[in-house]
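Listing of model.cif; format and content: mmCIF, C-alpha atoms and all ligand atoms.
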data_final
#
loop_
_atom_site.label_atom_id
_atom_site.label_comp_id
_atom_site.auth_asym_id
_atom_site.auth_seq_id
_atom_site.Cartn_x
_atom_site.Cartn_y
_atom_site.Cartn_z
CA MET W 1 0.00 0.00 0.00
CA GLN W 2 1.28 3.42 -0.91
CA LEU W 3 1.48 5.97 1.84
CA SER W 4 -0.04 8.61 -0.39
CA ARG W 5 -3.27 6.72 -0.47
CA VAL W 6 -3.51 6.75 3.28
CA ILE W 7 -2.39 10.33 3.78
CA PRO W 8 -3.11 12.44 0.77
CA SER W 9 -2.16 15.64 2.52
CA GLU W 10 1.26 17.02 3.12
CA PRO W 11 2.98 14.96 5.75
CA SER W 12 6.08 17.00 6.38
CA ARG W 13 6.99 20.07 8.35
CA ARG W 14 10.08 19.25 10.32
CA GLY W 15 13.34 18.75 8.60
CA SER W 16 12.83 21.62 6.25
CA ALA W 17 13.67 24.78 8.13
CA PRO W 18 17.39 25.08 7.93
CA ALA W 19 18.88 27.39 10.49
CA GLY W 20 22.26 25.99 11.22
CA LEU W 21 23.63 23.01 13.04
CA VAL W 22 22.19 23.91 16.42
CA PHE W 23 18.72 23.90 15.04
CA TRP W 24 19.23 20.56 13.39
CA ALA W 25 20.71 18.99 16.50
CA LEU W 26 17.65 20.15 18.38
CA GLY W 27 15.51 19.00 15.50
CA LEU W 28 16.79 15.47 15.97
CA LEU W 29 15.73 15.61 19.60
CA VAL W 30 12.30 16.65 18.47
CA PHE W 31 11.98 13.58 16.28
CA ALA W 32 13.07 11.37 19.15
CA GLY W 33 10.34 12.78 21.35
CA PRO W 34 7.88 15.07 19.59
CA PHE W 35 7.12 17.10 22.67
CA ALA W 36 10.54 17.12 24.26
CA CYS W 37 11.90 20.33 22.92
CA LYS W 38 9.28 23.05 23.10
CA GLY W 39 10.60 26.35 24.35
CA GLU W 40 14.19 25.38 24.79
CA SER W 41 15.50 25.89 21.29
CA ASP W 42 16.58 28.80 19.18
CA GLN W 43 13.43 28.52 17.14
CA PRO W 44 11.94 31.88 16.31
CA GLN W 45 8.71 32.89 17.94
CA TRP W 46 6.42 31.99 15.05
CA ASP W 47 7.01 28.33 15.81
CA ALA W 48 4.88 28.93 18.88
CA ALA W 49 1.93 29.47 16.58
CA ASP W 50 2.63 26.13 14.92
CA ALA W 51 1.77 24.42 18.17
CA THR W 52 -1.79 25.61 17.88
CA ARG W 53 -2.32 23.82 14.61
CA LYS W 54 -4.68 20.96 14.33
CA THR W 55 -2.47 18.12 13.27
CA GLU W 56 -4.42 14.96 13.77
CA PHE W 57 -4.78 12.63 10.83
CA VAL W 58 -8.09 11.40 9.55
CA ASP W 59 -8.61 8.71 7.00
CA ASP W 60 -11.00 10.61 4.82
CA GLU W 61 -9.22 12.62 2.18
CA ASP W 62 -11.57 15.59 2.40
CA LEU W 63 -11.17 15.85 6.13
CA VAL W 64 -7.40 15.79 5.91
CA ARG W 65 -7.43 18.52 3.34
CA ASP W 66 -9.79 20.59 5.40
CA LEU W 67 -7.33 20.91 8.25
CA PRO W 68 -6.01 24.42 8.46
CA PHE W 69 -2.35 23.67 7.97
CA ALA W 70 0.14 21.14 6.77
CA LYS W 71 1.07 18.36 9.11
CA ASP W 72 4.52 17.66 10.34
CA LEU W 73 6.71 14.62 10.29
CA ALA W 74 6.50 14.26 14.05
CA SER W 75 2.75 13.84 14.01
CA LEU W 76 3.07 11.48 11.07
CA ALA W 77 5.43 9.39 13.20
CA ALA W 78 2.92 9.39 16.04
CA PHE W 79 0.19 8.31 13.65
CA ALA W 80 2.35 5.56 12.16
CA ALA W 81 3.13 4.26 15.62
CA GLU W 82 -0.50 4.33 16.67
CA GLU W 83 -1.55 2.45 13.55
CA GLU W 84 1.30 0.01 14.11
CA TRP W 85 2.53 0.39 10.57
CA ASP W 86 5.30 -2.04 9.91
CA LEU W 87 7.97 0.24 8.52
CA GLU W 88 11.60 -0.47 7.99
CA GLY W 89 13.14 1.72 10.64
CA ASN W 90 11.62 5.00 11.64
CA LEU W 91 10.08 6.65 8.62
CA VAL W 92 10.57 10.12 10.00
CA ASP W 93 14.25 9.55 10.73
CA LEU W 94 14.71 8.10 7.26
CA VAL W 95 13.11 10.98 5.44
CA THR W 96 14.81 13.55 7.63
CA GLY W 97 18.18 11.90 7.17
CA GLU W 98 17.86 11.67 3.40
CA SER W 99 16.66 15.23 3.19
CA GLU W 100 19.40 16.51 5.47
CA ALA W 101 22.11 14.75 3.48
CA ARG W 102 20.98 16.45 0.29
CA TYR W 103 19.56 19.75 1.42
CA GLY W 104 21.06 20.27 4.88
CA TRP W 105 22.33 23.79 5.30
CA GLU W 106 25.84 22.64 6.13
CA SER W 107 26.00 19.95 3.48
CA ARG W 108 28.41 20.32 0.57
CA ALA W 109 25.80 18.70 -1.62
CA LEU W 110 23.79 21.87 -1.50
CA LEU W 111 26.60 24.18 -2.52
CA ASP W 112 27.65 21.86 -5.33
CA SER W 113 24.13 21.28 -6.58
CA ASP W 114 23.39 22.53 -10.08
CA SER W 115 19.74 22.93 -9.12
CA PHE W 116 20.44 26.11 -7.20
CA VAL W 117 22.49 29.24 -7.50
CA GLY W 118 24.23 28.25 -4.29
CA TRP W 119 25.77 31.57 -3.39
CA ARG W 120 22.38 33.26 -3.29
CA LEU W 121 20.91 30.93 -0.68
CA GLU W 122 22.35 32.35 2.54
CA SER W 123 21.34 35.91 1.75
CA GLY W 124 17.99 34.63 0.50
CA ARG W 125 17.42 32.80 3.75
CA ARG W 126 18.03 35.93 5.79
CA THR W 127 15.61 37.97 3.71
CA TYR W 128 13.07 35.18 3.76
CA GLU W 129 13.11 34.77 7.51
CA ARG W 130 12.76 38.50 8.02
CA GLU W 131 10.21 39.34 5.32
CA CYS W 132 8.31 36.20 4.41
CA ALA W 133 8.29 33.66 7.23
CA GLY W 134 5.64 35.51 9.23
CA CYS W 135 3.16 34.44 6.59
CA HIS W 136 4.79 31.56 4.70
CA ALA W 137 6.41 29.96 7.80
CA ARG W 138 10.04 29.30 8.26
CA ASN W 139 9.94 25.99 6.44
CA GLY W 140 7.70 27.35 3.70
CA ASP W 141 4.58 25.37 4.46
CA GLY W 142 2.43 28.47 4.49
CA GLY W 143 1.59 28.24 8.17
CA GLY W 144 3.27 31.31 9.65
CA PRO W 145 1.61 32.99 12.64
CA ALA W 146 -0.28 35.45 10.44
CA ALA W 147 -1.61 32.72 8.16
CA GLN W 148 -4.67 31.82 10.14
CA TYR W 149 -6.06 35.35 9.65
CA LEU W 150 -5.54 35.43 5.89
CA PHE W 151 -7.71 34.40 2.99
CA PRO W 152 -6.45 33.20 0.65
CA ARG W 153 -3.82 31.56 2.76
CA PRO W 154 -0.16 32.23 2.13
CA ARG W 155 1.23 29.73 -0.36
CA ASN W 156 2.52 26.44 0.97
CA PHE W 157 5.73 26.10 -1.06
CA ARG W 158 6.08 22.43 -0.11
CA LYS W 159 2.94 21.33 -1.95
CA ARG W 160 4.30 21.59 -5.53
CA GLU W 161 1.42 23.72 -6.57
CA PHE W 162 1.87 27.35 -7.66
CA LYS W 163 -0.72 29.59 -9.18
CA PHE W 164 1.09 31.91 -11.53
CA GLN W 165 3.62 30.56 -13.93
CA SER W 166 4.69 30.65 -17.55
CA ALA W 167 4.39 26.92 -17.99
CA PRO W 168 0.97 25.32 -18.30
CA VAL W 169 -0.47 24.09 -15.01
CA GLY W 170 1.39 21.06 -13.74
CA GLY W 171 4.82 22.52 -14.46
CA ARG W 172 6.93 24.38 -11.92
CA PRO W 173 7.33 28.13 -11.74
CA ARG W 174 10.35 29.67 -13.41
CA ARG W 175 12.67 31.97 -11.54
CA GLU W 176 11.17 34.90 -13.40
CA ASP W 177 7.65 33.84 -12.42
CA LEU W 178 8.60 33.89 -8.75
CA MET W 179 10.48 37.13 -9.26
CA ARG W 180 7.38 38.72 -10.78
CA THR W 181 5.24 37.58 -7.84
CA VAL W 182 7.74 38.89 -5.29
CA THR W 183 8.18 42.20 -7.09
CA LYS W 184 4.56 42.97 -7.95
CA GLY W 185 2.83 41.09 -5.14
CA LEU W 186 -0.57 39.49 -5.72
CA VAL W 187 -3.20 42.19 -5.80
CA GLY W 188 -6.33 41.29 -3.86
CA SER W 189 -4.44 38.97 -1.51
CA ALA W 190 -2.17 39.63 1.46
CA MET W 191 0.93 38.94 -0.63
CA PRO W 192 2.77 42.29 -0.64
CA ALA W 193 4.83 43.78 -3.45
CA PHE W 194 8.51 43.86 -2.52
CA ARG W 195 9.49 46.54 -5.01
CA LEU W 196 11.55 48.35 -2.40
CA LEU W 197 13.71 45.33 -1.70
CA PRO W 198 16.87 45.69 -3.80
CA GLU W 199 16.69 43.59 -6.96
CA GLU W 200 19.62 41.38 -6.00
CA LYS W 201 17.95 40.58 -2.68
CA ARG W 202 14.81 39.63 -4.56
CA HIS W 203 16.79 37.23 -6.72
CA ASP W 204 18.29 35.76 -3.56
CA VAL W 205 14.94 35.23 -1.88
CA VAL W 206 13.52 33.68 -5.06
CA GLU W 207 16.37 31.19 -4.99
CA TYR W 208 15.57 30.41 -1.37
CA VAL W 209 11.88 29.89 -2.19
CA ARG W 210 12.99 27.42 -4.87
CA TYR W 211 15.13 25.72 -2.25
CA LEU W 212 12.25 25.37 0.23
CA SER W 213 9.97 24.17 -2.54
CA ILE W 214 12.35 21.59 -3.95
CA ARG W 215 13.24 20.31 -0.51
CA GLY W 216 9.57 20.07 0.42
CA GLU W 217 8.74 18.29 -2.81
CA PHE W 218 11.59 15.86 -2.25
CA GLU W 219 10.44 14.99 1.27
CA GLN W 220 6.84 14.67 0.26
CA THR W 221 7.53 12.55 -2.80
CA LEU W 222 9.81 10.30 -0.78
CA LEU W 223 7.01 9.72 1.68
CA GLU W 224 4.46 9.15 -1.04
CA TRP W 225 6.60 6.62 -2.81
CA THR W 226 7.27 4.73 0.36
CA ASP W 227 5.46 1.48 0.46
CA LEU W 228 3.83 0.73 3.77
CA ASP W 229 4.64 -2.92 3.35
CA GLY W 230 8.25 -2.09 3.99
CA GLU W 231 9.91 -0.70 0.89
CA PHE W 232 11.51 2.71 1.28
CA ALA W 233 11.56 4.67 -1.99
CA ASP W 234 14.91 5.23 -3.69
CA PRO W 235 15.99 8.72 -2.59
CA GLU W 236 18.37 9.15 -5.56
CA GLU W 237 15.56 8.55 -7.98
CA VAL W 238 13.21 10.90 -6.14
CA GLN W 239 15.80 13.66 -5.98
CA GLU W 240 16.55 13.39 -9.67
CA LEU W 241 12.90 13.44 -10.63
CA VAL W 242 12.06 16.43 -8.45
CA GLU W 243 15.06 18.55 -9.39
CA ASP W 244 14.62 17.72 -13.04
CA ARG W 245 11.06 19.06 -12.96
CA TRP W 246 12.31 22.34 -11.57
CA LYS W 247 15.21 22.55 -14.00
CA ARG W 248 13.00 21.91 -16.97
CA SER W 249 10.72 24.75 -15.92
CA ASN W 250 13.58 27.14 -16.62
CA ASN W 251 13.83 26.13 -20.28
CA PRO W 252 12.99 29.15 -22.37
CA VAL W 253 9.34 29.61 -23.22
CA THR W 254 7.61 32.48 -24.89
CA VAL W 255 4.32 33.64 -23.48
CA PRO W 256 2.41 35.13 -25.22
CA LEU W 257 3.19 33.15 -28.34
CA ILE W 258 2.32 35.98 -30.70
CA ALA W 259 2.37 39.75 -30.35
CA GLU W 260 -0.83 41.40 -29.18
CA THR W 261 -3.52 41.71 -31.83
CA ASP W 262 -5.53 44.91 -32.21
CA PHE W 263 -7.68 45.92 -29.28
CA ASP W 264 -10.82 46.80 -31.22
CA GLN W 265 -14.56 46.21 -31.08
CA ASP W 266 -14.35 43.14 -33.33
CA SER W 267 -11.82 41.47 -31.09
CA ILE W 268 -13.93 42.24 -28.00
CA GLU W 269 -17.00 40.72 -29.66
CA ARG W 270 -15.10 37.61 -30.72
CA GLY W 271 -13.86 37.37 -27.14
CA ARG W 272 -17.37 37.75 -25.75
CA LEU W 273 -18.60 34.95 -28.01
CA LEU W 274 -15.80 32.65 -26.91
CA PHE W 275 -16.30 33.60 -23.26
CA THR W 276 -19.97 32.67 -23.30
CA ASN W 277 -19.84 29.78 -25.75
CA ALA W 278 -16.90 27.73 -26.97
CA ALA W 279 -14.50 28.55 -24.12
CA ALA W 280 -17.31 28.37 -21.55
CA CYS W 281 -15.75 30.85 -19.16
CA ASN W 282 -19.25 31.93 -18.19
CA GLY W 283 -19.97 28.63 -16.42
CA CYS W 284 -17.76 29.95 -13.65
CA HIS W 285 -17.41 33.67 -14.21
CA GLY W 286 -21.00 34.30 -15.34
CA ASP W 287 -22.12 35.89 -18.62
CA THR W 288 -21.18 39.35 -17.43
CA GLY W 289 -17.98 38.31 -15.69
CA LEU W 290 -19.21 38.99 -12.16
CA GLY W 291 -17.96 35.64 -10.90
CA ASP W 292 -21.50 34.35 -10.46
CA GLY W 293 -21.74 31.52 -12.99
CA PRO W 294 -23.87 28.44 -12.19
CA THR W 295 -20.92 26.48 -10.80
CA ALA W 296 -19.33 29.38 -8.90
CA ASP W 297 -20.06 28.06 -5.43
CA SER W 298 -18.84 24.53 -5.93
CA PHE W 299 -15.03 24.74 -5.86
CA ARG W 300 -12.15 24.09 -3.53
CA ASP W 301 -8.53 24.81 -4.27
CA ALA W 302 -5.69 22.30 -4.07
CA TRP W 303 -4.94 23.41 -0.52
CA GLY W 304 -8.42 22.55 0.63
CA TYR W 305 -10.04 25.96 0.87
CA PRO W 306 -13.23 27.10 -0.80
CA ILE W 307 -12.49 29.27 -3.84
CA ARG W 308 -14.68 31.41 -6.07
CA PRO W 309 -14.17 32.47 -9.67
CA ARG W 310 -12.94 36.04 -9.79
CA ASP W 311 -15.25 38.98 -10.41
CA LEU W 312 -13.57 40.12 -13.61
CA THR W 313 -15.17 43.55 -13.57
CA THR W 314 -13.10 44.83 -10.64
CA GLY W 315 -9.89 45.05 -12.66
CA GLN W 316 -7.96 43.43 -9.81
CA PHE W 317 -5.85 40.69 -11.29
CA ARG W 318 -3.33 38.92 -9.11
CA ALA W 319 -1.11 37.94 -11.99
CA GLY W 320 -0.89 41.59 -13.05
CA ILE W 321 -2.83 43.95 -15.30
CA ASP W 322 -0.52 44.15 -18.29
CA PRO W 323 -2.13 42.55 -21.35
CA SER W 324 0.62 39.91 -21.36
CA ASP W 325 -0.09 39.10 -17.68
CA ILE W 326 -3.78 38.52 -18.45
CA TYR W 327 -2.80 36.51 -21.53
CA ARG W 328 -0.54 34.27 -19.47
CA VAL W 329 -3.21 33.57 -16.86
CA ILE W 330 -5.89 32.79 -19.47
CA ALA W 331 -3.54 30.69 -21.59
CA ASN W 332 -2.07 28.64 -18.71
CA GLY W 333 -4.81 28.70 -16.12
CA ILE W 334 -4.17 29.12 -12.40
CA GLY W 335 -2.42 26.20 -10.73
CA GLY W 336 -4.14 24.61 -7.75
CA THR W 337 -7.47 26.20 -8.68
CA PRO W 338 -10.31 25.17 -11.00
CA MET W 339 -9.34 27.97 -13.44
CA PRO W 340 -8.33 26.00 -16.58
CA GLY W 341 -5.79 26.99 -19.20
CA ALA W 342 -7.32 27.95 -22.53
CA LEU W 343 -4.26 27.29 -24.65
CA GLY W 344 -5.15 23.68 -25.47
CA ASN W 345 -8.50 24.57 -27.03
CA ASN W 346 -7.87 28.02 -28.43
CA THR W 347 -5.47 29.64 -30.86
CA PRO W 348 -3.17 32.42 -29.63
CA GLU W 349 -5.34 34.90 -31.57
CA GLU W 350 -8.43 33.67 -29.74
CA ILE W 351 -6.67 34.07 -26.43
CA TRP W 352 -5.95 37.70 -27.29
CA ASP W 353 -9.66 38.10 -28.07
CA LEU W 354 -10.44 36.73 -24.60
CA VAL W 355 -7.90 39.11 -23.07
CA HIS W 356 -9.56 42.00 -24.84
CA PHE W 357 -13.02 40.95 -23.69
CA VAL W 358 -11.77 40.67 -20.11
CA GLN W 359 -10.16 44.10 -20.38
CA HIS W 360 -13.44 45.39 -21.75
CA LEU W 361 -15.21 43.97 -18.67
CA THR W 362 -12.93 46.08 -16.49
CA GLY W 363 -14.01 49.20 -18.36
CA LYS W 364 -11.25 49.54 -20.93
CA GLU W 365 -12.59 51.40 -23.97
CA VAL W 366 -11.66 51.17 -27.62
CA SER W 367 -10.06 54.48 -28.52
CA ARG W 368 -11.53 56.22 -31.52
C1 LIG W 401 1.40 39.34 4.78
C2 LIG W 401 1.59 37.97 4.35
C3 LIG W 401 2.64 37.63 3.32
C4 LIG W 401 3.98 37.98 3.30
C5 LIG W 401 4.74 38.81 4.31
C6 LIG W 401 4.54 37.34 2.14
N1 LIG W 401 3.59 36.64 1.46
FE1 LIG W 401 3.86 35.57 -0.24
N2 LIG W 401 1.87 35.11 -0.29
C7 LIG W 401 0.94 35.53 0.64
C8 LIG W 401 -0.37 35.05 0.24
C9 LIG W 401 -1.66 35.28 1.00
C10 LIG W 401 -0.19 34.32 -0.95
C11 LIG W 401 -1.26 33.56 -1.76
C12 LIG W 401 -2.06 34.42 -2.71
C13 LIG W 401 -3.00 33.60 -3.57
O1 LIG W 401 -3.18 32.41 -3.34
O2 LIG W 401 -3.54 34.15 -4.52
C14 LIG W 401 1.23 34.37 -1.25
C15 LIG W 401 1.80 33.74 -2.35
C16 LIG W 401 3.17 33.74 -2.61
C17 LIG W 401 3.80 33.01 -3.70
C18 LIG W 401 3.10 32.06 -4.65
C19 LIG W 401 2.74 32.61 -6.01
C20 LIG W 401 2.14 31.53 -6.86
O3 LIG W 401 2.36 31.55 -8.08
O4 LIG W 401 1.45 30.63 -6.38
C21 LIG W 401 5.15 33.25 -3.62
C22 LIG W 401 6.23 32.70 -4.54
C23 LIG W 401 5.36 34.13 -2.49
N3 LIG W 401 4.14 34.42 -1.92
C24 LIG W 401 6.60 34.57 -2.09
C25 LIG W 401 6.81 35.42 -1.00
C26 LIG W 401 8.10 35.91 -0.60
C27 LIG W 401 9.41 35.52 -1.25
C28 LIG W 401 7.91 36.73 0.47
C29 LIG W 401 8.95 37.53 1.21
C30 LIG W 401 9.88 38.32 0.43
C31 LIG W 401 6.48 36.73 0.75
N4 LIG W 401 5.85 35.93 -0.16
C32 LIG W 401 5.87 37.43 1.79
C33 LIG W 401 1.18 36.28 1.78
C34 LIG W 401 2.40 36.81 2.14
C1 LIG W 402 -13.98 25.99 -13.68
C2 LIG W 402 -14.13 27.37 -13.36
C3 LIG W 402 -13.45 28.40 -14.22
C4 LIG W 402 -13.50 28.53 -15.61
C5 LIG W 402 -14.18 27.61 -16.62
C6 LIG W 402 -12.74 29.72 -15.91
N1 LIG W 402 -12.27 30.29 -14.78
FE1 LIG W 402 -11.22 32.05 -14.66
N2 LIG W 402 -11.04 31.79 -12.65
C7 LIG W 402 -11.59 30.78 -11.92
C8 LIG W 402 -11.21 30.93 -10.54
C9 LIG W 402 -11.61 30.00 -9.40
C10 LIG W 402 -10.40 32.08 -10.46
C11 LIG W 402 -9.75 32.66 -9.20
C12 LIG W 402 -8.44 31.96 -8.87
C13 LIG W 402 -7.81 32.50 -7.62
O1 LIG W 402 -8.50 33.17 -6.83
O2 LIG W 402 -6.64 32.26 -7.44
C14 LIG W 402 -10.32 32.61 -11.80
C15 LIG W 402 -9.62 33.75 -12.15
C16 LIG W 402 -9.60 34.30 -13.41
C17 LIG W 402 -8.92 35.54 -13.77
C18 LIG W 402 -8.11 36.42 -12.80
C19 LIG W 402 -6.61 36.18 -12.96
C20 LIG W 402 -5.77 36.98 -11.99
O3 LIG W 402 -4.65 37.34 -12.37
O4 LIG W 402 -6.22 37.27 -10.89
C21 LIG W 402 -9.15 35.76 -15.09
C22 LIG W 402 -8.63 36.93 -15.91
C23 LIG W 402 -9.95 34.65 -15.57
N3 LIG W 402 -10.21 33.80 -14.53
C24 LIG W 402 -10.38 34.51 -16.88
C25 LIG W 402 -11.02 33.38 -17.38
C26 LIG W 402 -11.33 33.17 -18.79
C27 LIG W 402 -11.06 34.14 -19.90
C28 LIG W 402 -11.90 31.92 -18.86
C29 LIG W 402 -12.34 31.18 -20.12
C30 LIG W 402 -11.34 30.95 -21.10
C31 LIG W 402 -11.99 31.40 -17.52
N4 LIG W 402 -11.44 32.30 -16.66
C32 LIG W 402 -12.54 30.16 -17.21
C33 LIG W 402 -12.40 29.75 -12.40
C34 LIG W 402 -12.68 29.52 -13.73
#

For the structure just supplied, provide its representation as structure tokens.
Amino acid sequence: MQLSRVIPSEPSRRGSAPAGLVFWALGLLVFAGPFACKGESDQPQWDAADATRKTEFVDDEDLVRDLPFAKDLASLAAFAAEEEWDLEGNLVDLVTGESEARYGWESRALLDSDSFVGWRLESGRRTYERECAGCHARNGDGGGPAAQYLFPRPRNFRKREFKFQSAPVGGRPRREDLMRTVTKGLVGSAMPAFRLLPEEKRHDVVEYVRYLSIRGEFEQTLLEWTDLDGEFADPEEVQELVEDRWKRSNNPVTVPLIAETDFDQDSIERGRLLFTNAAACNGCHGDTGLGDGPTADSFRDAWGYPIRPRDLTTGQFRAGIDPSDIYRVIANGIGGTPMPGALGNNTPEEIWDLVHFVQHLTGKEVSR
């Protein structure tokens, strides 16, 4: 039996927040006795908020996903023990050890890795822990102390799923996608724009977000591939697979595929027709784009929270308001949400028509 079938949610928190040897030594103690180490470590204060999380496991997939935050390896270990799973060795120790060997802060492997720009990581970590961890949590699982007050929740970087990227949904974000998010923020959510952070520092923190994401994906995939009947997944294979996905995302792509077509009444009307017929955007967004289509109330996102189609008349677009930003979001869809990519079923010209109709919904006029 595959572990992923039993626990479809994210099973890993510990073992991902690198803060030097001391932290890791203490971390080991925590695995030995999940409650042994509260309050006596150098963990920053937001870890206190972690303790308030609901972390019990339930068998039903929906219930697991409904829990407010990701679960940690320690509670997974407790669950495994309770269920008397017959695992080779301690699963938590195994995953932590494999992860530490590859992604540990002091490990050479990290510096030598061609998956990261190694020299950016330390500076990125400092910026991250100062500017981002309050929301995204130190280990990147999206459960910082502020998270419980925010909707949508801060992104959990360890879940593989990102919303705004140049690749079609299912790929991984490119460095420039993350850079755009960090620089412009995500309008209409709590994610701030970090324009005032020097550009180099933004590159550094982007690299660190990639690090947290890749490490999280490695740990999670390792757990998912582990067979409860005793076979531990091959960590080499998992590492290669995960890092390869992230590397491939940085292959050059061009979005939009063609230069913008004319913004004129004809294009808007073609867009309207697509929106309400062939492309069926209206099922979710409604005929007039108010976000009130017949299915609008029926969705959850990949992180388990209810999500509604956007009211397109407000002009607030998280991915940005440049025509090419709107193009990208319509062409590729929004990862982790029901918003599908239109590229498969529509030509690039048709996608520009949709962009123009959406812009028209926000009040943009054809100039005469
Ligand atoms: C005040 C809280 C807050 C802070 C501080 C914050 N974020 Fe976010 N961040 C969010 C929220 C909320 C979202 C999710 C928005 C959504 O789902 O539409 C998010 C999403 C993201 C995403 C995901 C974009 C995607 O395509 O899915 C990235 C990357 C990100 N933040 C990076 C950062 C970095 C780097 C920092 C620090 C420099 C930072 N954030 C600071 C709240 C915050
Ligand atoms: C199955 C439901 C569904 C369909 C069909 C759908 N959308 Fe969406 N759309 C959503 C949801 C949900 C969101 C909000 C995602 C979020 O909050 O992160 C969204 C958001 C958007 C946004 C805002 C992007 C941003 O940057 O904030 C645009 C623009 C958009 N949709 C356009 C379209 C167009 C054009 C089509 C048809 C080609 C379409 N949608 C089809 C569900 C849908």

Name the residues, by chain letter and number, that sit within 7 Å of ligand LIG 401 (chain W) using all atoms listed in the file, and give them as a ChimeraX atom specification. /W:127-128,131-136,146,150-155,161-165,178,181-182,186,189-192,194,205-206,209,318

Collect all residues with atoms no farther than 7 Å from ligand LIG 402 (chain W), counting only C-alpha atoms and all ligand atoms, and output them as number ranges by chain. W: 163, 275, 279-285, 307-310, 312, 316-320, 326, 329-330, 334, 337-340, 342, 354-355, 358

Quick one: of W:Glu219, W:Asp266, W:Glu349, W:Glu199, who's nearest to Gly97 (chain W), counting all atoms listed in the file? W:Glu219

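Residue nearest Leu290 (chain W), chosen from W:Leu361, W:Leu94, W:Leu273, W:Val187 and counting only C-alpha atoms: W:Leu361.
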
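Across the structure, CA of Tyr103 (chain W) and CA of Tyr211 (chain W) are spaced 8.3 Å apart.
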
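As for CA of Leu241 (chain W) and CA of Asp112 (chain W), they are spaced 17.8 Å apart.
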
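Minimum atom-to-atom distances from W:Gln265, W:Ala296, W:Arg272, W:Ala147 to Arg368 (chain W) were compared using only C-alpha atoms, and the lowest value belongs to W:Gln265.
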
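CA of Ser249 (chain W) is positioned 7.0 Å from CA of Ala167 (chain W).
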
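Nearest residue to Ser123 (chain W) among W:Lys201, W:Arg138, W:Arg102, W:Phe218 is W:Lys201, counting only C-alpha atoms.
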
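Taking only C-alpha atoms into account, Gly143 (chain W) lies nearest to W:Trp303 out of the set W:Trp303, W:Phe263, W:Glu176, W:Ala233.
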